Structures are given as C-alpha cells and as structure tokens.
2 protein chains.
Amino acid sequence: MTTMLAHPTRDEIRIASVLHALADPVRLEIVRALAVHEEGISCGLLPLGVTASTLTHHVRTLREAGVVRVRPQGTSRISSLRRDDLDALFPGLLDGVLAARR
Amino acid sequence: MTTMLAHPTRDEIRIASVLHALADPVRLEIVRALAVHEEGISCGLLPLGVTASTLTHHVRTLREAGVVRVRPQGTSRISSLRRDDLDALFPGLLDGVLAARR
DNA sequence: ATCGTACTACGACATTCATCAAAGTACGAC
DNA sequence: GTCGTACTTTGATGAATGTCGTAGTACGAT
C-alpha cells in the first residue's frame, strides 16, 4: 500500500482515456455508484462480483484516466467522482452517461 | 457488398457499446468528422491513416453500436451520426465528447 | 506483538481487438 | 462485357485487457 496514487491534473485528462475507462461494465457500475455518493466511498463495499485484485485494477484504470480521485483513509481507499473536472472538460458527458437507462 | 447493414433500433442501443465504440482514436476522429457533415459522408475520404479493411471494421463497430447510420450510395457508403437517437438516450454525451479539445 | 481487514503487486491465462494483406463482391462508366 | 473504384470478408498476428490466485504490505484493534 506504499503506492503514490498519482492523479492526472485536469489538463492532462484525455477524452480517449476517459471513454476507454468508462467502456467497461464493472467500471460503469462503479461510476454510477460514485455519482450517488458525492462524498466518496470505498469501492470494496460495492456488490460488483469481481475479486479484490480485479477491483484494484478497475479503480486504478479510472484513477489514471482522471475519472475518479482516490484518497487513503485507514486501511481503505475512498474513491470519488472528479465531477468538476469532467464537467469542465467535457460538459454533458457524465450526465449523458448517467442518464442511460441501460 | 451484399451485406444487410443492420442497425440497432433506438431502444436496442446500449451505453456500454456506445462508449466502447467511441473509445478508439480512429473512431473518435470519424465521429468528429461526421459531426461537421450533418448530411453524412463517405468515410473512405477521410485522412485517417488506416487501410480500407481497417476502416470497414471501425465503421461497422460504430454502426453496430448505434452511433452512426450507414446507407449505400453507388459503390460508396454514406455514414452519418445518429445524433437524434444518441441525444435522446444520453443527453449531453455526444456534445461532451465533441467539446473535448484533446 | 498478534491478528484481521483492506487493499496492492505480480504472474498467468484467455479473450478481445486493432491492424494488415489478399481475395472477393458490387456498382458505375466506357 | 471490361475496367476501375469502393468497399467487404477472411484469416493472421501482435498487443491490450479483464480476470483470477497467491503472496505481500499497510493500518487498526486487541
């Protein structure tokens, strides 16, 4: 757990990376959950049906793309949506994705 | 060239498929070009730097995801953005993607 | 210090996928 | 019909990726 937790700055976020990060069912589910919990949550609590190591991979993908921000808290990692950055860069994108009924 | 050119109906379009279709640099470029040409264009004319068979693959991916509509015209295929359907299903998504500066 | 919990790192594996080349099909022009 | 153009199909290939298990690290509680 020694890792740095690097996050891209706002101007480093690329639309292609964001779209790729969102284009996975598990990650989409994570994003949907984070959209409901503004304050952020530990993704390990979500009923996603994948192992812990797979979840780590997905959260890292979202973090490195600039979709979520992750902060350590005790033995947990609290993830939250970078809504402000995403809305500023790609206005409407996140709302459009979240509006999807399926 | 006997192919059916099947398109998903609006209610068959899935957000995961759309995001996957958009999450490729070449396909993003196609979508950007189509956004400028409301009437539709032959994608073969775009300077995309890929072979014809690769282009066929990308246009099919976009078509099957419901992002573009393709109609035969002579020996060409005219592609156009399904903006109405996408805006209805995922309001803001397309505009957000197109607003991206990089 | 020991234990349990939460997460990460490293491999391994199977699948998906972007890409191309070669051969084939459809259409228009001549 | 013949030719050329535009696109598709098939097969191959290498890279990326989602998944897991195992082992390891960090932190809190006892």
# chains A, B, ... in the order shown; residues from 1 in each chain; ligands from 1

$ residues_around --residues "DC27 of chain C" --least-positions-apart "2" --cutoff "12 Å" --atoms "only C-alpha atoms (C1' of nucleotides)" --output "list in words"
Met1, Thr2, Pro72, Gln73, Gly74, Thr75, Ser76 and Arg77 of chain B; DT25 and DA29 of chain C; DG4, DT5, DA6 and DC7 of chain D

$ write_last_selection --atoms "N, CA and C atoms (P, O5', C5', C4', C3', O3' and C1' of nucleotides)" --output "PDB file, in the first residue's frame"
ATOM      1  N   MET B   1     -20.630  -7.040 -51.200  1.00  0.00           N
ATOM      2  CA  MET B   1     -21.359  -5.820 -50.783  1.00  0.00           C
ATOM      3  C   MET B   1     -22.835  -6.115 -50.601  1.00  0.00           C
ATOM      4  N   THR B   2     -23.096  -7.376 -50.429  1.00  0.00           N
ATOM      5  CA  THR B   2     -24.484  -7.826 -50.324  1.00  0.00           C
ATOM      6  C   THR B   2     -25.017  -7.650 -48.907  1.00  0.00           C
ATOM      7  N   PRO B  72     -26.019   2.781 -48.392  1.00  0.00           N
ATOM      8  CA  PRO B  72     -25.279   2.585 -49.634  1.00  0.00           C
ATOM      9  C   PRO B  72     -25.665   3.669 -50.628  1.00  0.00           C
ATOM     10  N   GLN B  73     -24.701   4.093 -51.401  1.00  0.00           N
ATOM     11  CA  GLN B  73     -24.996   5.045 -52.469  1.00  0.00           C
ATOM     12  C   GLN B  73     -23.983   4.793 -53.582  1.00  0.00           C
ATOM     13  N   GLY B  74     -24.424   4.123 -54.604  1.00  0.00           N
ATOM     14  CA  GLY B  74     -23.499   3.703 -55.643  1.00  0.00           C
ATOM     15  C   GLY B  74     -22.534   2.697 -55.058  1.00  0.00           C
ATOM     16  N   THR B  75     -21.272   2.894 -55.331  1.00  0.00           N
ATOM     17  CA  THR B  75     -20.282   1.969 -54.769  1.00  0.00           C
ATOM     18  C   THR B  75     -19.800   2.450 -53.410  1.00  0.00           C
ATOM     19  N   SER B  76     -20.387   3.534 -52.916  1.00  0.00           N
ATOM     20  CA  SER B  76     -19.933   4.092 -51.645  1.00  0.00           C
ATOM     21  C   SER B  76     -20.927   3.810 -50.527  1.00  0.00           C
ATOM     22  N   ARG B  77     -20.471   4.101 -49.327  1.00  0.00           N
ATOM     23  CA  ARG B  77     -21.334   4.025 -48.154  1.00  0.00           C
ATOM     24  C   ARG B  77     -21.314   5.388 -47.499  1.00  0.00           C
TER      25      ARG B  77
ATOM     26  P    DT C  25     -17.035 -13.520 -54.873  1.00  0.00           P
ATOM     27  O5'  DT C  25     -17.837 -12.162 -54.649  1.00  0.00           O
ATOM     28  C5'  DT C  25     -18.341 -11.855 -53.360  1.00  0.00           C
ATOM     29  C4'  DT C  25     -18.910 -10.442 -53.362  1.00  0.00           C
ATOM     30  C3'  DT C  25     -19.860 -10.147 -54.519  1.00  0.00           C
ATOM     31  O3'  DT C  25     -20.977  -9.446 -54.004  1.00  0.00           O
ATOM     32  C1'  DT C  25     -18.185  -8.514 -54.420  1.00  0.00           C
ATOM     33  P    DA C  29     -22.010   6.599 -63.768  1.00  0.00           P
ATOM     34  O5'  DA C  29     -20.762   6.253 -64.696  1.00  0.00           O
ATOM     35  C5'  DA C  29     -19.444   6.384 -64.159  1.00  0.00           C
ATOM     36  C4'  DA C  29     -18.402   6.092 -65.238  1.00  0.00           C
ATOM     37  C3'  DA C  29     -18.767   6.630 -66.624  1.00  0.00           C
ATOM     38  O3'  DA C  29     -17.584   7.054 -67.291  1.00  0.00           O
ATOM     39  C1'  DA C  29     -18.548   4.283 -66.727  1.00  0.00           C
TER      40       DA C  29
ATOM     41  P    DG D   4      -8.161  -0.804 -65.561  1.00  0.00           P
ATOM     42  O5'  DG D   4      -8.901   0.126 -64.496  1.00  0.00           O
ATOM     43  C5'  DG D   4      -9.504   1.329 -64.951  1.00  0.00           C
ATOM     44  C4'  DG D   4     -10.344   1.926 -63.838  1.00  0.00           C
ATOM     45  C3'  DG D   4      -9.637   1.948 -62.482  1.00  0.00           C
ATOM     46  O3'  DG D   4      -9.861   3.205 -61.864  1.00  0.00           O
ATOM     47  C1'  DG D   4     -11.708   0.814 -62.303  1.00  0.00           C
ATOM     48  P    DT D   5      -9.144   3.527 -60.483  1.00  0.00           P
ATOM     49  O5'  DT D   5     -10.376   3.697 -59.494  1.00  0.00           O
ATOM     50  C5'  DT D   5     -11.542   4.365 -59.953  1.00  0.00           C
ATOM     51  C4'  DT D   5     -12.659   4.182 -58.950  1.00  0.00           C
ATOM     52  C3'  DT D   5     -12.204   4.281 -57.491  1.00  0.00           C
ATOM     53  O3'  DT D   5     -13.135   5.074 -56.782  1.00  0.00           O
ATOM     54  C1'  DT D   5     -13.340   2.233 -57.850  1.00  0.00           C
ATOM     55  P    DA D   6     -12.771   5.553 -55.305  1.00  0.00           P
ATOM     56  O5'  DA D   6     -13.719   4.631 -54.425  1.00  0.00           O
ATOM     57  C5'  DA D   6     -15.120   4.684 -54.630  1.00  0.00           C
ATOM     58  C4'  DA D   6     -15.778   3.652 -53.744  1.00  0.00           C
ATOM     59  C3'  DA D   6     -15.212   3.626 -52.319  1.00  0.00           C
ATOM     60  O3'  DA D   6     -16.289   3.673 -51.400  1.00  0.00           O
ATOM     61  C1'  DA D   6     -15.190   1.450 -53.259  1.00  0.00           C
ATOM     62  P    DC D   7     -16.028   3.950 -49.870  1.00  0.00           P
ATOM     63  O5'  DC D   7     -16.248   2.499 -49.236  1.00  0.00           O
ATOM     64  C5'  DC D   7     -17.476   1.845 -49.516  1.00  0.00           C
ATOM     65  C4'  DC D   7     -17.288   0.339 -49.476  1.00  0.00           C
ATOM     66  C3'  DC D   7     -16.859  -0.227 -48.131  1.00  0.00           C
ATOM     67  O3'  DC D   7     -18.007  -0.677 -47.426  1.00  0.00           O
ATOM     68  C1'  DC D   7     -15.969  -1.401 -50.033  1.00  0.00           C
TER      69       DC D   7
END

$ select_by_dssp --residues "chain B" --states "alpha helix (DSSP H)" --output "ChimeraX atom specification"
/B:15-22,25-36,52-65,83-89,93-99

$ write_last_selection --atoms "C-alpha atoms" --output "PDB file, in the first residue's frame"
ATOM      1  CA  ILE B  15     -24.437   2.794 -23.303  1.00  0.00           C
ATOM      2  CA  ALA B  16     -21.604   0.302 -22.828  1.00  0.00           C
ATOM      3  CA  SER B  17     -21.456  -0.401 -26.561  1.00  0.00           C
ATOM      4  CA  VAL B  18     -21.562   3.282 -27.418  1.00  0.00           C
ATOM      5  CA  LEU B  19     -18.741   4.088 -25.025  1.00  0.00           C
ATOM      6  CA  HIS B  20     -16.692   1.215 -26.340  1.00  0.00           C
ATOM      7  CA  ALA B  21     -17.278   2.385 -29.895  1.00  0.00           C
ATOM      8  CA  LEU B  22     -16.165   5.908 -29.007  1.00  0.00           C
ATOM      9  CA  PRO B  25      -8.800   7.302 -31.647  1.00  0.00           C
ATOM     10  CA  VAL B  26      -9.717   6.414 -35.225  1.00  0.00           C
ATOM     11  CA  ARG B  27     -13.400   6.068 -34.460  1.00  0.00           C
ATOM     12  CA  LEU B  28     -13.380   9.287 -32.476  1.00  0.00           C
ATOM     13  CA  GLU B  29     -11.916  11.028 -35.492  1.00  0.00           C
ATOM     14  CA  ILE B  30     -14.665   9.616 -37.660  1.00  0.00           C
ATOM     15  CA  VAL B  31     -17.331  10.811 -35.249  1.00  0.00           C
ATOM     16  CA  ARG B  32     -15.803  14.276 -35.135  1.00  0.00           C
ATOM     17  CA  ALA B  33     -15.828  14.443 -38.917  1.00  0.00           C
ATOM     18  CA  LEU B  34     -19.422  13.252 -39.088  1.00  0.00           C
ATOM     19  CA  ALA B  35     -20.442  15.875 -36.560  1.00  0.00           C
ATOM     20  CA  VAL B  36     -19.311  18.529 -39.020  1.00  0.00           C
ATOM     21  CA  ALA B  52      -9.629   0.210 -46.190  1.00  0.00           C
ATOM     22  CA  SER B  53     -10.265  -3.038 -44.357  1.00  0.00           C
ATOM     23  CA  THR B  54      -9.453  -1.477 -41.019  1.00  0.00           C
ATOM     24  CA  LEU B  55     -11.801   1.361 -41.845  1.00  0.00           C
ATOM     25  CA  THR B  56     -14.550  -1.104 -42.656  1.00  0.00           C
ATOM     26  CA  HIS B  57     -14.043  -2.635 -39.238  1.00  0.00           C
ATOM     27  CA  HIS B  58     -14.324   0.728 -37.468  1.00  0.00           C
ATOM     28  CA  VAL B  59     -17.412   1.863 -39.342  1.00  0.00           C
ATOM     29  CA  ARG B  60     -19.078  -1.439 -38.602  1.00  0.00           C
ATOM     30  CA  THR B  61     -18.246  -1.081 -34.916  1.00  0.00           C
ATOM     31  CA  LEU B  62     -19.820   2.370 -34.890  1.00  0.00           C
ATOM     32  CA  ARG B  63     -22.857   1.178 -36.833  1.00  0.00           C
ATOM     33  CA  GLU B  64     -23.490  -1.869 -34.662  1.00  0.00           C
ATOM     34  CA  ALA B  65     -23.197   0.243 -31.526  1.00  0.00           C
ATOM     35  CA  ARG B  83     -27.418  12.403 -33.247  1.00  0.00           C
ATOM     36  CA  ASP B  84     -31.157  12.351 -32.590  1.00  0.00           C
ATOM     37  CA  ASP B  85     -31.064   8.873 -31.089  1.00  0.00           C
ATOM     38  CA  LEU B  86     -27.943   9.494 -29.043  1.00  0.00           C
ATOM     39  CA  ASP B  87     -29.195  12.818 -27.732  1.00  0.00           C
ATOM     40  CA  ALA B  88     -32.481  11.224 -26.765  1.00  0.00           C
ATOM     41  CA  LEU B  89     -30.868   8.322 -24.943  1.00  0.00           C
ATOM     42  CA  LEU B  93     -22.887  12.691 -24.063  1.00  0.00           C
ATOM     43  CA  LEU B  94     -22.177  13.484 -27.693  1.00  0.00           C
ATOM     44  CA  ASP B  95     -21.799  17.209 -27.075  1.00  0.00           C
ATOM     45  CA  GLY B  96     -19.438  16.474 -24.222  1.00  0.00           C
ATOM     46  CA  VAL B  97     -17.300  14.232 -26.384  1.00  0.00           C
ATOM     47  CA  LEU B  98     -17.244  16.737 -29.218  1.00  0.00           C
ATOM     48  CA  ALA B  99     -16.371  19.564 -26.840  1.00  0.00           C
TER      49      ALA B  99
END

$ calpha_fit_and_write --fixed "chain B" --moving "chain A" --output "PDB file with C-alpha atoms, in the first residue's frame"
ATOM      1  CA  MET A   1     -21.213  -5.714 -50.727  1.00  0.00           C
ATOM      2  CA  THR A   2     -24.242  -7.901 -50.286  1.00  0.00           C
ATOM      3  CA  THR A   3     -24.403  -7.266 -46.584  1.00  0.00           C
ATOM      4  CA  MET A   4     -27.557  -6.280 -44.784  1.00  0.00           C
ATOM      5  CA  LEU A   5     -26.310  -3.215 -42.936  1.00  0.00           C
ATOM      6  CA  ALA A   6     -28.183  -3.979 -39.748  1.00  0.00           C
ATOM      7  CA  HIS A   7     -28.695  -1.086 -37.374  1.00  0.00           C
ATOM      8  CA  PRO A   8     -29.886  -1.327 -33.776  1.00  0.00           C
ATOM      9  CA  THR A   9     -33.171   0.392 -33.084  1.00  0.00           C
ATOM     10  CA  ARG A  10     -33.059   3.248 -30.626  1.00  0.00           C
ATOM     11  CA  ASP A  11     -34.113   1.097 -27.702  1.00  0.00           C
ATOM     12  CA  GLU A  12     -31.522  -1.505 -28.541  1.00  0.00           C
ATOM     13  CA  ILE A  13     -28.649   0.940 -28.152  1.00  0.00           C
ATOM     14  CA  ARG A  14     -26.583   0.266 -25.028  1.00  0.00           C
ATOM     15  CA  ILE A  15     -24.447   2.841 -23.277  1.00  0.00           C
ATOM     16  CA  ALA A  16     -21.607   0.353 -22.793  1.00  0.00           C
ATOM     17  CA  SER A  17     -21.480  -0.382 -26.521  1.00  0.00           C
ATOM     18  CA  VAL A  18     -21.574   3.293 -27.408  1.00  0.00           C
ATOM     19  CA  LEU A  19     -18.751   4.121 -25.023  1.00  0.00           C
ATOM     20  CA  HIS A  20     -16.711   1.232 -26.310  1.00  0.00           C
ATOM     21  CA  ALA A  21     -17.297   2.369 -29.874  1.00  0.00           C
ATOM     22  CA  LEU A  22     -16.167   5.893 -29.031  1.00  0.00           C
ATOM     23  CA  ALA A  23     -13.108   4.722 -27.100  1.00  0.00           C
ATOM     24  CA  ASP A  24     -10.818   4.428 -30.092  1.00  0.00           C
ATOM     25  CA  PRO A  25      -8.806   7.259 -31.668  1.00  0.00           C
ATOM     26  CA  VAL A  26      -9.721   6.388 -35.246  1.00  0.00           C
ATOM     27  CA  ARG A  27     -13.424   6.045 -34.477  1.00  0.00           C
ATOM     28  CA  LEU A  28     -13.388   9.266 -32.485  1.00  0.00           C
ATOM     29  CA  GLU A  29     -11.915  11.008 -35.492  1.00  0.00           C
ATOM     30  CA  ILE A  30     -14.669   9.587 -37.668  1.00  0.00           C
ATOM     31  CA  VAL A  31     -17.330  10.798 -35.244  1.00  0.00           C
ATOM     32  CA  ARG A  32     -15.792  14.252 -35.121  1.00  0.00           C
ATOM     33  CA  ALA A  33     -15.823  14.413 -38.911  1.00  0.00           C
ATOM     34  CA  LEU A  34     -19.420  13.229 -39.089  1.00  0.00           C
ATOM     35  CA  ALA A  35     -20.427  15.863 -36.559  1.00  0.00           C
ATOM     36  CA  VAL A  36     -19.295  18.509 -39.018  1.00  0.00           C
ATOM     37  CA  HIS A  37     -21.063  16.941 -41.990  1.00  0.00           C
ATOM     38  CA  GLU A  38     -24.665  16.667 -40.931  1.00  0.00           C
ATOM     39  CA  GLU A  39     -25.679  15.180 -44.265  1.00  0.00           C
ATOM     40  CA  GLY A  40     -23.234  12.321 -43.979  1.00  0.00           C
ATOM     41  CA  ILE A  41     -20.056  11.457 -45.846  1.00  0.00           C
ATOM     42  CA  SER A  42     -18.119   8.545 -47.219  1.00  0.00           C
ATOM     43  CA  CYS A  43     -15.581   7.703 -44.510  1.00  0.00           C
ATOM     44  CA  GLY A  44     -13.163   6.472 -47.159  1.00  0.00           C
ATOM     45  CA  LEU A  45     -12.433  10.092 -47.973  1.00  0.00           C
ATOM     46  CA  LEU A  46     -11.162  10.926 -44.497  1.00  0.00           C
ATOM     47  CA  PRO A  47      -7.386  11.089 -43.920  1.00  0.00           C
ATOM     48  CA  LEU A  48      -7.309   8.502 -41.175  1.00  0.00           C
ATOM     49  CA  GLY A  49      -4.089   6.664 -41.900  1.00  0.00           C
ATOM     50  CA  VAL A  50      -5.578   3.184 -41.855  1.00  0.00           C
ATOM     51  CA  THR A  51      -6.226   0.707 -44.630  1.00  0.00           C
ATOM     52  CA  ALA A  52      -9.620   0.229 -46.221  1.00  0.00           C
ATOM     53  CA  SER A  53     -10.253  -3.030 -44.431  1.00  0.00           C
ATOM     54  CA  THR A  54      -9.461  -1.479 -41.057  1.00  0.00           C
ATOM     55  CA  LEU A  55     -11.803   1.378 -41.871  1.00  0.00           C
ATOM     56  CA  THR A  56     -14.563  -1.087 -42.684  1.00  0.00           C
ATOM     57  CA  HIS A  57     -14.067  -2.659 -39.273  1.00  0.00           C
ATOM     58  CA  HIS A  58     -14.333   0.702 -37.495  1.00  0.00           C
ATOM     59  CA  VAL A  59     -17.400   1.851 -39.352  1.00  0.00           C
ATOM     60  CA  ARG A  60     -19.092  -1.460 -38.621  1.00  0.00           C
ATOM     61  CA  THR A  61     -18.263  -1.110 -34.935  1.00  0.00           C
ATOM     62  CA  LEU A  62     -19.828   2.358 -34.897  1.00  0.00           C
ATOM     63  CA  ARG A  63     -22.858   1.167 -36.827  1.00  0.00           C
ATOM     64  CA  GLU A  64     -23.494  -1.879 -34.666  1.00  0.00           C
ATOM     65  CA  ALA A  65     -23.207   0.236 -31.531  1.00  0.00           C
ATOM     66  CA  GLY A  66     -25.825   2.619 -32.910  1.00  0.00           C
ATOM     67  CA  VAL A  67     -23.511   5.593 -33.237  1.00  0.00           C
ATOM     68  CA  VAL A  68     -23.746   5.997 -36.992  1.00  0.00           C
ATOM     69  CA  ARG A  69     -26.215   5.184 -39.711  1.00  0.00           C
ATOM     70  CA  VAL A  70     -24.844   3.881 -43.004  1.00  0.00           C
ATOM     71  CA  ARG A  71     -26.617   3.923 -46.338  1.00  0.00           C
ATOM     72  CA  PRO A  72     -25.293   2.609 -49.639  1.00  0.00           C
ATOM     73  CA  GLN A  73     -25.011   5.077 -52.482  1.00  0.00           C
ATOM     74  CA  GLY A  74     -23.511   3.765 -55.664  1.00  0.00           C
ATOM     75  CA  THR A  75     -20.265   2.032 -54.800  1.00  0.00           C
ATOM     76  CA  SER A  76     -19.939   4.119 -51.657  1.00  0.00           C
ATOM     77  CA  ARG A  77     -21.359   4.029 -48.155  1.00  0.00           C
ATOM     78  CA  ILE A  78     -22.578   7.257 -46.674  1.00  0.00           C
ATOM     79  CA  SER A  79     -22.216   7.432 -42.916  1.00  0.00           C
ATOM     80  CA  SER A  80     -24.000   9.908 -40.686  1.00  0.00           C
ATOM     81  CA  LEU A  81     -24.187  10.463 -36.945  1.00  0.00           C
ATOM     82  CA  ARG A  82     -27.329   9.197 -35.195  1.00  0.00           C
ATOM     83  CA  ARG A  83     -27.437  12.400 -33.246  1.00  0.00           C
ATOM     84  CA  ASP A  84     -31.158  12.352 -32.582  1.00  0.00           C
ATOM     85  CA  ASP A  85     -31.081   8.879 -31.072  1.00  0.00           C
ATOM     86  CA  LEU A  86     -27.946   9.492 -29.039  1.00  0.00           C
ATOM     87  CA  ASP A  87     -29.199  12.827 -27.732  1.00  0.00           C
ATOM     88  CA  ALA A  88     -32.486  11.240 -26.730  1.00  0.00           C
ATOM     89  CA  LEU A  89     -30.878   8.335 -24.920  1.00  0.00           C
ATOM     90  CA  PHE A  90     -27.822  10.017 -23.437  1.00  0.00           C
ATOM     91  CA  PRO A  91     -28.432  13.773 -23.466  1.00  0.00           C
ATOM     92  CA  GLY A  92     -25.145  15.651 -23.384  1.00  0.00           C
ATOM     93  CA  LEU A  93     -22.889  12.710 -24.066  1.00  0.00           C
ATOM     94  CA  LEU A  94     -22.178  13.497 -27.692  1.00  0.00           C
ATOM     95  CA  ASP A  95     -21.800  17.211 -27.086  1.00  0.00           C
ATOM     96  CA  GLY A  96     -19.430  16.460 -24.225  1.00  0.00           C
ATOM     97  CA  VAL A  97     -17.293  14.232 -26.388  1.00  0.00           C
ATOM     98  CA  LEU A  98     -17.244  16.727 -29.227  1.00  0.00           C
ATOM     99  CA  ALA A  99     -16.366  19.558 -26.856  1.00  0.00           C
ATOM    100  CA  ALA A 100     -13.136  17.805 -25.926  1.00  0.00           C
ATOM    101  CA  ARG A 101     -10.137  19.805 -27.050  1.00  0.00           C
ATOM    102  CA  ARG A 102      -7.965  16.732 -26.852  1.00  0.00           C
TER     103      ARG A 102
END

$ interface_residues --of "chain C" --to "chain B" --cutoff "8 Å" --atoms "only C-alpha atoms (C1' of nucleotides)" --output "ChimeraX atom specification"
/C:18-20,25-28

$ atom_distance --atom1 "atom C1' of DG18 of chain D" --atom2 "atom C1' of DA14 of chain C"
9.4 Å

$ atom_distance --atom1 "atom C1' of DA1 of chain C" --atom2 "atom C1' of DC27 of chain D"
14.6 Å

$ atom_distance --atom1 "atom C1' of DT16 of chain C" --atom2 "atom C1' of DC20 of chain D"
17.2 Å
